[in-house]
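coords-v6.cif follows; it contains mmCIF, C-alpha atoms.
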```cif
data_model
loop_
_atom_site.label_atom_id
_atom_site.label_comp_id
_atom_site.auth_asym_id
_atom_site.auth_seq_id
_atom_site.Cartn_x
_atom_site.Cartn_y
_atom_site.Cartn_z
CA MET B 1 101.89 -44.93 -24.17
CA SER B 2 99.31 -42.26 -23.35
CA GLY B 3 100.11 -38.66 -24.05
CA ARG B 4 98.49 -37.55 -20.77
CA PRO B 5 100.76 -35.98 -18.12
CA TRP B 6 99.45 -38.48 -15.49
CA PRO B 7 99.45 -42.25 -15.44
CA ASP B 8 96.58 -43.99 -17.23
CA THR B 9 94.73 -45.99 -14.51
CA ARG B 10 91.61 -46.82 -16.49
CA PRO B 11 90.72 -50.53 -16.35
CA GLY B 12 91.34 -52.60 -19.36
CA PRO B 13 88.66 -54.60 -21.18
CA LEU B 14 88.74 -57.44 -18.65
CA GLY B 15 88.62 -55.05 -15.69
CA ALA B 16 85.63 -53.17 -17.13
CA PHE B 17 83.80 -56.45 -17.75
CA GLY B 18 84.50 -57.59 -14.18
CA ALA B 19 83.12 -54.36 -12.72
CA TRP B 20 79.98 -54.67 -14.85
CA TRP B 21 79.49 -58.25 -13.75
CA ARG B 22 79.84 -57.37 -10.07
CA ARG B 23 77.24 -54.63 -10.43
CA ARG B 24 74.81 -57.04 -12.06
CA ARG B 25 75.41 -59.62 -9.36
CA ASP B 26 74.88 -57.13 -6.53
CA LEU B 27 71.60 -55.94 -8.02
CA GLY B 28 70.17 -59.40 -7.50
CA ARG B 29 70.70 -59.44 -3.74
CA VAL B 30 67.29 -59.25 -2.05
CA GLU B 31 68.72 -58.12 1.26
CA ASP B 32 69.88 -54.88 -0.31
CA PHE B 33 66.26 -53.84 -0.87
CA THR B 34 63.73 -52.59 1.74
CA TYR B 35 60.17 -53.23 0.63
CA ALA B 36 57.59 -51.03 2.33
CA VAL B 37 54.08 -52.44 2.33
CA PRO B 38 51.66 -49.68 1.36
CA GLN B 39 49.13 -48.68 4.02
CA SER B 40 45.63 -47.88 2.82
CA SER B 41 43.46 -45.26 4.55
CA HIS B 42 39.67 -45.05 4.37
CA GLN B 43 36.86 -42.86 5.70
CA GLN B 44 33.27 -43.68 6.57
CA GLU B 45 30.58 -41.39 7.97
CA PHE B 46 28.41 -42.97 10.63
CA GLU B 47 25.46 -41.91 12.78
CA THR B 48 24.06 -43.77 15.78
CA PRO B 49 22.32 -43.28 19.14
CA LEU B 50 24.49 -43.50 22.25
CA PRO B 51 23.15 -44.33 25.72
CA SER B 52 23.25 -41.79 28.51
CA ALA B 53 23.41 -42.42 32.24
CA VAL B 54 19.60 -42.64 32.29
CA TYR B 55 18.05 -45.66 30.57
CA GLY B 56 15.89 -44.72 27.59
CA LEU B 57 17.39 -41.26 27.09
CA ASP B 58 19.96 -41.37 24.30
CA PHE B 59 22.36 -39.00 22.61
CA ARG B 60 22.49 -38.83 18.83
CA VAL B 61 26.06 -38.79 17.52
CA LYS B 62 27.48 -38.40 14.03
CA PHE B 63 31.16 -38.77 13.18
CA THR B 64 33.58 -39.76 10.45
CA VAL B 65 35.52 -42.95 11.06
CA VAL B 66 39.05 -42.83 9.66
CA TYR B 67 40.73 -46.21 9.50
CA ARG B 68 43.78 -47.75 7.89
CA LEU B 69 45.05 -51.26 7.33
CA ASP B 70 48.46 -52.12 8.71
CA LEU B 71 49.64 -55.17 6.77
CA HIS B 72 52.84 -55.41 8.79
CA THR B 73 50.99 -56.91 11.76
CA GLY B 74 50.33 -60.27 10.13
CA LEU B 75 46.75 -60.08 11.45
CA ARG B 76 43.69 -59.93 9.23
CA HIS B 77 40.01 -59.09 9.53
CA HIS B 78 37.51 -59.91 6.81
CA ALA B 79 35.36 -56.81 7.50
CA PRO B 80 37.79 -54.02 8.37
CA ARG B 81 35.25 -51.23 7.91
CA SER B 82 32.80 -52.84 10.32
CA ALA B 83 35.61 -53.54 12.78
CA ALA B 84 36.68 -49.89 12.71
CA ILE B 85 33.14 -48.53 13.14
CA ASN B 86 32.34 -50.98 15.94
CA SER B 87 35.54 -50.05 17.76
CA ILE B 88 34.71 -46.33 17.64
CA VAL B 89 31.11 -46.92 18.73
CA GLN B 90 32.18 -49.03 21.70
CA ARG B 91 34.70 -46.41 22.79
CA ALA B 92 32.02 -43.72 22.52
CA ARG B 93 29.45 -45.79 24.46
CA ALA B 94 31.84 -46.26 27.36
CA ILE B 95 32.06 -42.47 27.72
CA SER B 96 28.47 -41.44 26.96
CA SER B 97 26.93 -43.99 29.34
CA GLN B 98 28.43 -42.03 32.25
CA ALA B 99 26.99 -38.66 31.17
CA MET B 100 23.60 -37.04 31.70
CA LEU B 101 21.69 -35.83 28.67
CA VAL B 102 21.87 -32.21 29.84
CA HIS B 103 25.67 -32.41 29.53
CA HIS B 104 25.62 -33.01 25.78
CA ALA B 105 27.70 -29.92 24.96
CA PRO B 106 30.82 -30.83 26.99
CA LEU B 107 30.35 -34.48 26.01
CA GLN B 108 30.80 -33.56 22.36
CA HIS B 109 34.23 -32.08 23.07
CA GLN B 110 35.17 -35.01 25.29
CA LEU B 111 34.28 -37.52 22.58
CA GLY B 112 36.05 -35.42 19.97
CA ALA B 113 39.24 -35.48 22.03
CA GLU B 114 39.07 -39.14 23.05
CA LEU B 115 38.09 -40.59 19.68
CA ALA B 116 40.67 -38.55 17.79
CA GLU B 117 43.36 -40.82 19.22
CA GLU B 118 44.07 -43.58 16.74
CA GLN B 119 43.94 -47.03 18.31
CA GLN B 120 44.38 -50.50 16.94
CA VAL B 121 41.26 -52.64 16.88
CA PRO B 122 42.20 -55.63 19.08
CA GLU B 123 43.25 -58.79 17.22
CA THR B 124 43.06 -57.08 13.81
CA HIS B 125 45.23 -55.15 11.38
CA VAL B 126 42.84 -52.18 11.57
CA TRP B 127 43.67 -48.84 13.18
CA ALA B 128 40.75 -46.46 13.72
CA ARG B 129 39.94 -42.97 14.95
CA ALA B 130 37.06 -40.53 14.55
CA GLU B 131 36.79 -36.98 13.28
CA GLN B 132 34.06 -34.32 13.10
CA VAL B 133 32.13 -35.61 16.12
CA LYS B 134 28.71 -33.98 16.42
CA ILE B 135 26.17 -34.69 19.18
CA SER B 136 22.50 -33.76 19.16
CA VAL B 137 19.65 -34.49 21.56
CA ASP B 138 15.90 -34.62 21.17
CA GLU B 139 14.17 -31.70 22.90
CA GLY B 140 11.57 -34.02 24.40
CA ASP B 141 14.27 -36.27 25.83
CA LEU B 142 16.12 -33.24 27.14
CA GLU B 143 13.03 -32.07 29.01
CA MET B 144 12.57 -35.55 30.49
CA ALA B 145 16.21 -35.51 31.59
CA ARG B 146 15.67 -32.21 33.39
CA LYS B 147 12.60 -33.62 35.16
CA HIS B 148 14.57 -36.71 36.13
CA ILE B 149 17.29 -34.56 37.69
CA GLU B 150 14.68 -32.55 39.59
CA LEU B 151 13.10 -35.75 40.92
CA LEU B 152 16.49 -37.02 42.04
CA ARG B 153 17.19 -33.73 43.78
CA ASN B 154 13.84 -33.77 45.60
CA SER B 155 14.29 -37.41 46.56
CA THR B 156 17.72 -36.68 47.97
CA VAL B 157 16.40 -33.77 50.03
CA ARG B 158 13.46 -35.78 51.38
CA HIS B 159 15.71 -38.68 52.25
CA ALA B 160 18.10 -36.34 54.08
CA GLU B 161 15.19 -34.85 56.03
CA ARG B 162 13.96 -38.31 57.04
CA GLU B 163 17.45 -39.31 58.11
CA LEU B 164 17.66 -36.17 60.24
CA GLU B 165 14.34 -36.99 61.88
CA ARG B 166 15.44 -40.56 62.59
CA ALA B 167 18.71 -39.33 64.06
CA GLU B 168 16.82 -36.94 66.34
CA ILE B 169 14.47 -39.72 67.45
CA ARG B 170 17.40 -42.04 68.18
CA TYR B 171 19.09 -39.28 70.15
CA LEU B 172 16.01 -38.61 72.29
CA ARG B 173 15.26 -42.30 72.81
CA ASP B 174 18.78 -43.59 73.42
CA GLU B 175 20.47 -40.64 75.13
CA VAL B 176 17.91 -38.20 76.56
CA LEU B 177 14.82 -40.11 77.67
CA THR B 178 16.78 -42.88 79.36
CA ASP B 179 15.92 -41.70 82.88
CA VAL B 180 14.30 -38.73 84.61
CA GLY B 181 17.62 -37.16 85.61
CA THR B 182 19.00 -37.09 82.08
CA ALA B 183 15.70 -35.84 80.69
CA THR B 184 15.59 -33.04 83.28
CA ILE B 185 19.13 -31.89 82.51
CA TRP B 186 18.33 -31.91 78.80
CA TRP B 187 15.22 -29.79 79.42
CA LEU B 188 17.17 -27.32 81.58
CA GLN B 189 19.82 -26.87 78.92
CA ARG B 190 17.15 -26.21 76.29
CA ASN B 191 15.13 -23.77 78.40
CA GLY B 192 17.59 -21.41 80.05
CA TYR B 193 18.07 -23.47 83.23
CA GLU B 194 14.66 -22.62 84.73
CA VAL B 195 15.01 -24.89 87.75
CA GLU B 196 11.63 -24.17 89.29
CA ARG B 197 9.88 -24.90 86.04
CA ALA B 198 11.86 -28.13 85.66
CA VAL B 199 10.73 -29.24 89.11
CA GLN B 200 7.13 -28.59 88.15
CA LEU B 201 7.59 -30.68 84.99
CA ALA B 202 9.27 -33.59 86.78
CA GLY B 203 6.12 -35.71 86.64
CA GLU B 204 5.62 -35.08 82.94
CA LEU B 205 9.26 -35.82 82.19
CA GLN B 206 8.99 -39.06 84.12
CA GLU B 207 5.96 -40.03 82.05
CA LEU B 208 7.86 -39.24 78.84
CA VAL B 209 10.72 -41.45 79.98
CA ARG B 210 8.30 -44.27 80.71
CA ILE B 211 6.71 -43.96 77.27
CA ALA B 212 10.07 -43.76 75.50
CA ARG B 213 11.39 -46.84 77.31
CA HIS B 214 8.29 -48.88 76.51
CA THR B 215 9.62 -51.66 74.26
CA SER B 216 6.89 -54.27 74.25
CA ASP B 217 6.56 -56.33 71.06
CA PRO B 218 9.05 -54.53 68.79
CA HIS B 219 9.07 -55.54 65.14
CA TRP B 220 11.78 -58.05 64.27
CA ALA B 221 13.33 -55.61 61.78
CA GLU B 222 13.70 -52.91 64.41
CA SER B 223 15.17 -55.42 66.86
CA LEU B 224 17.65 -56.59 64.23
CA VAL B 225 18.85 -53.07 63.46
CA SER B 226 18.93 -52.11 67.14
CA SER B 227 21.07 -55.14 67.95
CA PHE B 228 23.63 -54.20 65.32
CA GLU B 229 23.63 -50.56 66.39
CA ARG B 230 24.15 -51.51 70.03
CA ALA B 231 27.03 -53.74 68.99
CA LEU B 232 28.49 -50.91 66.90
CA PRO B 233 27.66 -47.75 68.87
CA ARG B 234 30.22 -45.55 67.11
CA LEU B 235 28.63 -45.81 63.67
CA ASP B 236 27.78 -42.47 62.10
CA ASP B 237 24.53 -41.86 60.23
CA GLY B 238 26.02 -42.71 56.85
CA HIS B 239 27.32 -46.06 58.07
CA ARG B 240 24.01 -46.79 59.80
CA ARG B 241 22.27 -46.36 56.45
CA ASP B 242 24.85 -48.61 54.78
CA LEU B 243 24.23 -51.22 57.48
CA ARG B 244 20.50 -51.26 56.71
CA GLN B 245 21.25 -51.64 53.00
CA HIS B 246 23.54 -54.62 53.61
CA LEU B 247 20.97 -56.23 55.90
CA ALA B 248 18.23 -55.74 53.29
CA LYS B 249 20.44 -57.32 50.64
CA ALA B 250 21.22 -60.32 52.84
CA LEU B 251 17.55 -60.79 53.73
CA GLY B 252 16.66 -60.62 50.04
CA VAL B 253 19.18 -63.34 49.20
CA TYR B 254 18.25 -65.72 52.01
CA GLY B 255 14.64 -64.81 52.72
CA GLY B 256 13.27 -63.54 49.45
CA SER B 257 12.14 -60.18 48.14
CA SER B 258 9.06 -60.00 50.41
CA VAL B 259 11.18 -60.30 53.56
CA ALA B 260 13.58 -57.65 52.28
CA ALA B 261 10.67 -55.35 51.42
CA GLU B 262 9.14 -55.77 54.89
CA PHE B 263 12.49 -55.00 56.49
CA ALA B 264 12.98 -51.92 54.32
CA ASP B 265 9.50 -50.64 55.15
CA GLN B 266 10.00 -51.05 58.90
CA VAL B 267 13.41 -49.39 59.09
CA GLY B 268 12.59 -46.58 56.67
CA LEU B 269 14.85 -47.76 53.86
CA PRO B 270 13.69 -46.47 50.44
CA ALA B 271 12.95 -49.31 48.06
CA ALA B 272 15.33 -47.84 45.46
CA GLU B 273 18.28 -48.31 47.81
CA GLN B 274 17.75 -52.06 47.80
CA HIS B 275 18.85 -52.04 44.15
CA MET B 276 21.88 -49.81 44.61
CA ASN B 277 24.74 -50.65 42.23
CA GLY B 278 22.52 -53.19 40.50
CA ASN B 279 22.24 -55.46 43.55
CA SER B 280 18.62 -56.53 43.84
CA PRO B 281 17.26 -59.17 46.18
CA HIS B 282 16.92 -62.65 44.72
CA VAL B 283 14.12 -64.98 45.59
#
```
Translate this structure into structure tokens?
Amino acid sequence: MSGRPWPDTRPGPLGAFGAWWRRRRDLGRVEDFTYAVPQSSHQQEFETPLPSAVYGLDFRVKFTVVYRLDLHTGLRHHAPRSAAINSIVQRARAISSQAMLVHHAPLQHQLGAELAEEQQVPETHVWARAEQVKISVDEGDLEMARKHIELLRNSTVRHAERELERAEIRYLRDEVLTDVGTATIWWLQRNGYEVERAVQLAGELQELVRIARHTSDPHWAESLVSSFERALPRLDDGHRRDLRQHLAKALGVYGGSSVAAEFADQVGLPAAEQHMNGNSPHV
């Protein structure tokens, strides 16, 4: 009997052996272990041109691609580095192709923010992001971009002026010089209601009305547009221009590029507008 003041509860030889055996048995259970597959991370510097919104004028971008391999996905790619770089380049191209070259400074921050988000390369076990994004532009290309913007601005102003002139002509032809009475009232309103002077000009106003209403042998393009505009009298100037563009496109599809070009020339539609949104006439 033990000399301790409390009962001896230590296991005997058989009990100790049984406890040891249970510990050894439990160590062999696979489900008691959680195996974490290591994830490898890599970096690769890369430099490439990126397209801008103007064909032929490119940004120059340099960045560090950071990618890792996630072996939990069950997917594999035999060239993970190329997959990561290609993914970053495609993401960058989608953004840069909407920007003008003169906006290279804010574009650098936009790319830095967008590409810093880690994304999985589709159908692969590769996750990629980019760091240290730097954009540069060639000074010659930058000067060409500025000239391109200036040309676009001048073209827009000239086109607006022509549209204003056409609107004024349509107004005089379709609403003022329709008859002598309307023309006389229009003249009075513009000239301080000098009635006596208007009476003296009655013959000249009548001649103007006759000239304005002379419609012998109109060009087929003008007749086509006039027919649509008479059918849709509430169209504003913007919709009238859209109508001409749609007609030019339809004529290009069914009549060929020469017919579309003749139509555009007769109705004052700039040739560039025939190719708006990449829609060019097909022969």
Mind pulling up the distance from CA of Arg170 (chain B) to CA of Ile211 (chain B)?
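Spanning CA of Ile211 (chain B) to CA of Arg170 (chain B) is a straight-line distance of 14.2 Å.
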Find, counting all atoms listed in the file, the residue in B:Arg213, B:His103, B:His219, B:Arg91 that gets nearest to Ala145 (chain B).
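Once distances to Ala145 (chain B) are computed over all atoms listed in the file, the minimum belongs to B:His103.
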Residues within 12 Å of region 181-193 of chain B, please, as number ranges by chain. Count all atoms listed in the file; anything in the same chain fewer than 5 positions from it doesn't count.
B: 171-176, 198-210, 212
Write out, as a CSV table (one decimal), in the coordinates of the input, the residues just selected, with C-alpha atoms.
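After the write, out_37.csv holds the following:
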```csv
chain,number,residue,atom,x,y,z
B,171,TYR,CA,19.1,-39.3,70.2
B,172,LEU,CA,16.0,-38.6,72.3
B,173,ARG,CA,15.3,-42.3,72.8
B,174,ASP,CA,18.8,-43.6,73.4
B,175,GLU,CA,20.5,-40.6,75.1
B,176,VAL,CA,17.9,-38.2,76.6
B,198,ALA,CA,11.9,-28.1,85.7
B,199,VAL,CA,10.7,-29.2,89.1
B,200,GLN,CA,7.1,-28.6,88.2
B,201,LEU,CA,7.6,-30.7,85.0
B,202,ALA,CA,9.3,-33.6,86.8
B,203,GLY,CA,6.1,-35.7,86.6
B,204,GLU,CA,5.6,-35.1,82.9
B,205,LEU,CA,9.3,-35.8,82.2
B,206,GLN,CA,9.0,-39.1,84.1
B,207,GLU,CA,6.0,-40.0,82.0
B,208,LEU,CA,7.9,-39.2,78.8
B,209,VAL,CA,10.7,-41.4,80.0
B,210,ARG,CA,8.3,-44.3,80.7
B,212,ALA,CA,10.1,-43.8,75.5
```
For a test of reading the model, state the distance in Å between CA of Glu117 (chain B) and CA of Gly56 (chain B), rounded to one decimal.
29.0 Å
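CA of His159 (chain B) sits 25.7 Å away from CA of Leu142 (chain B).
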Looking at B:Arg240, B:Leu75, B:Lys147, B:Gly140, which one is nearest to Ala167 (chain B), with distances taken over all atoms listed in the file?
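When distances to Ala167 (chain B) are compared using all atoms listed in the file, the smallest one comes from B:Arg240.
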Selection: 7 Å around Pro51 (chain B), only C-alpha atoms, excl. self and same-chain fewer than 2 positions, as a list in words:
Pro49, Ala53, Leu57, Asp58, Phe59, Arg93, Ser96 and Ser97 of chain B
File of the preceding selection, C-alpha atoms, as a JSON list (two decimals), keeping the file's coordinate frame:
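After the write, out-v7.json holds the following:
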```json
[["chain", "number", "residue", "atom", "x", "y", "z"],
["B", 49, "PRO", "CA", 22.32, -43.28, 19.14],
["B", 53, "ALA", "CA", 23.41, -42.42, 32.24],
["B", 57, "LEU", "CA", 17.39, -41.26, 27.09],
["B", 58, "ASP", "CA", 19.96, -41.37, 24.30],
["B", 59, "PHE", "CA", 22.36, -39.00, 22.61],
["B", 93, "ARG", "CA", 29.45, -45.79, 24.46],
["B", 96, "SER", "CA", 28.47, -41.44, 26.96],
["B", 97, "SER", "CA", 26.93, -43.99, 29.34]]
```
I'd like to see the residues matched by the PyMOL selection byres ((chain B and resi 126-131) around 8) on this file, and ideally I'd get them as a PDB file with C-alpha atoms, keeping the file's coordinate frame.
```pdb
ATOM      1  CA  PHE B  63      31.160 -38.770  13.180  1.00  0.00           C
ATOM      2  CA  THR B  64      33.580 -39.760  10.450  1.00  0.00           C
ATOM      3  CA  VAL B  65      35.520 -42.950  11.060  1.00  0.00           C
ATOM      4  CA  VAL B  66      39.050 -42.830   9.660  1.00  0.00           C
ATOM      5  CA  TYR B  67      40.730 -46.210   9.500  1.00  0.00           C
ATOM      6  CA  ARG B  68      43.780 -47.750   7.890  1.00  0.00           C
ATOM      7  CA  LEU B  69      45.050 -51.260   7.330  1.00  0.00           C
ATOM      8  CA  ASP B  70      48.460 -52.120   8.710  1.00  0.00           C
ATOM      9  CA  HIS B  77      40.010 -59.090   9.530  1.00  0.00           C
ATOM     10  CA  PRO B  80      37.790 -54.020   8.370  1.00  0.00           C
ATOM     11  CA  ALA B  83      35.610 -53.540  12.780  1.00  0.00           C
ATOM     12  CA  ALA B  84      36.680 -49.890  12.710  1.00  0.00           C
ATOM     13  CA  ILE B  85      33.140 -48.530  13.140  1.00  0.00           C
ATOM     14  CA  SER B  87      35.540 -50.050  17.760  1.00  0.00           C
ATOM     15  CA  ILE B  88      34.710 -46.330  17.640  1.00  0.00           C
ATOM     16  CA  GLY B 112      36.050 -35.420  19.970  1.00  0.00           C
ATOM     17  CA  LEU B 115      38.090 -40.590  19.680  1.00  0.00           C
ATOM     18  CA  ALA B 116      40.670 -38.550  17.790  1.00  0.00           C
ATOM     19  CA  GLU B 117      43.360 -40.820  19.220  1.00  0.00           C
ATOM     20  CA  GLU B 118      44.070 -43.580  16.740  1.00  0.00           C
ATOM     21  CA  GLN B 119      43.940 -47.030  18.310  1.00  0.00           C
ATOM     22  CA  GLN B 120      44.380 -50.500  16.940  1.00  0.00           C
ATOM     23  CA  VAL B 121      41.260 -52.640  16.880  1.00  0.00           C
ATOM     24  CA  THR B 124      43.060 -57.080  13.810  1.00  0.00           C
ATOM     25  CA  HIS B 125      45.230 -55.150  11.380  1.00  0.00           C
ATOM     26  CA  GLN B 132      34.060 -34.320  13.100  1.00  0.00           C
ATOM     27  CA  VAL B 133      32.130 -35.610  16.120  1.00  0.00           C
TER      28      VAL B 133
END
```
Of the candidates B:His214, B:Arg81, B:Arg76, B:Arg197, which shows the shortest atom-to-atom distance to Pro122 (chain B), using only C-alpha atoms?
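With only C-alpha atoms as the atom set, the closest residue is B:Arg76.
With all atoms listed in the file as the atoms that count, the residue of B:Ile135, B:Thr73, B:Glu114, B:His78 with the shortest distance to Thr48 (chain B) is B:Ile135.
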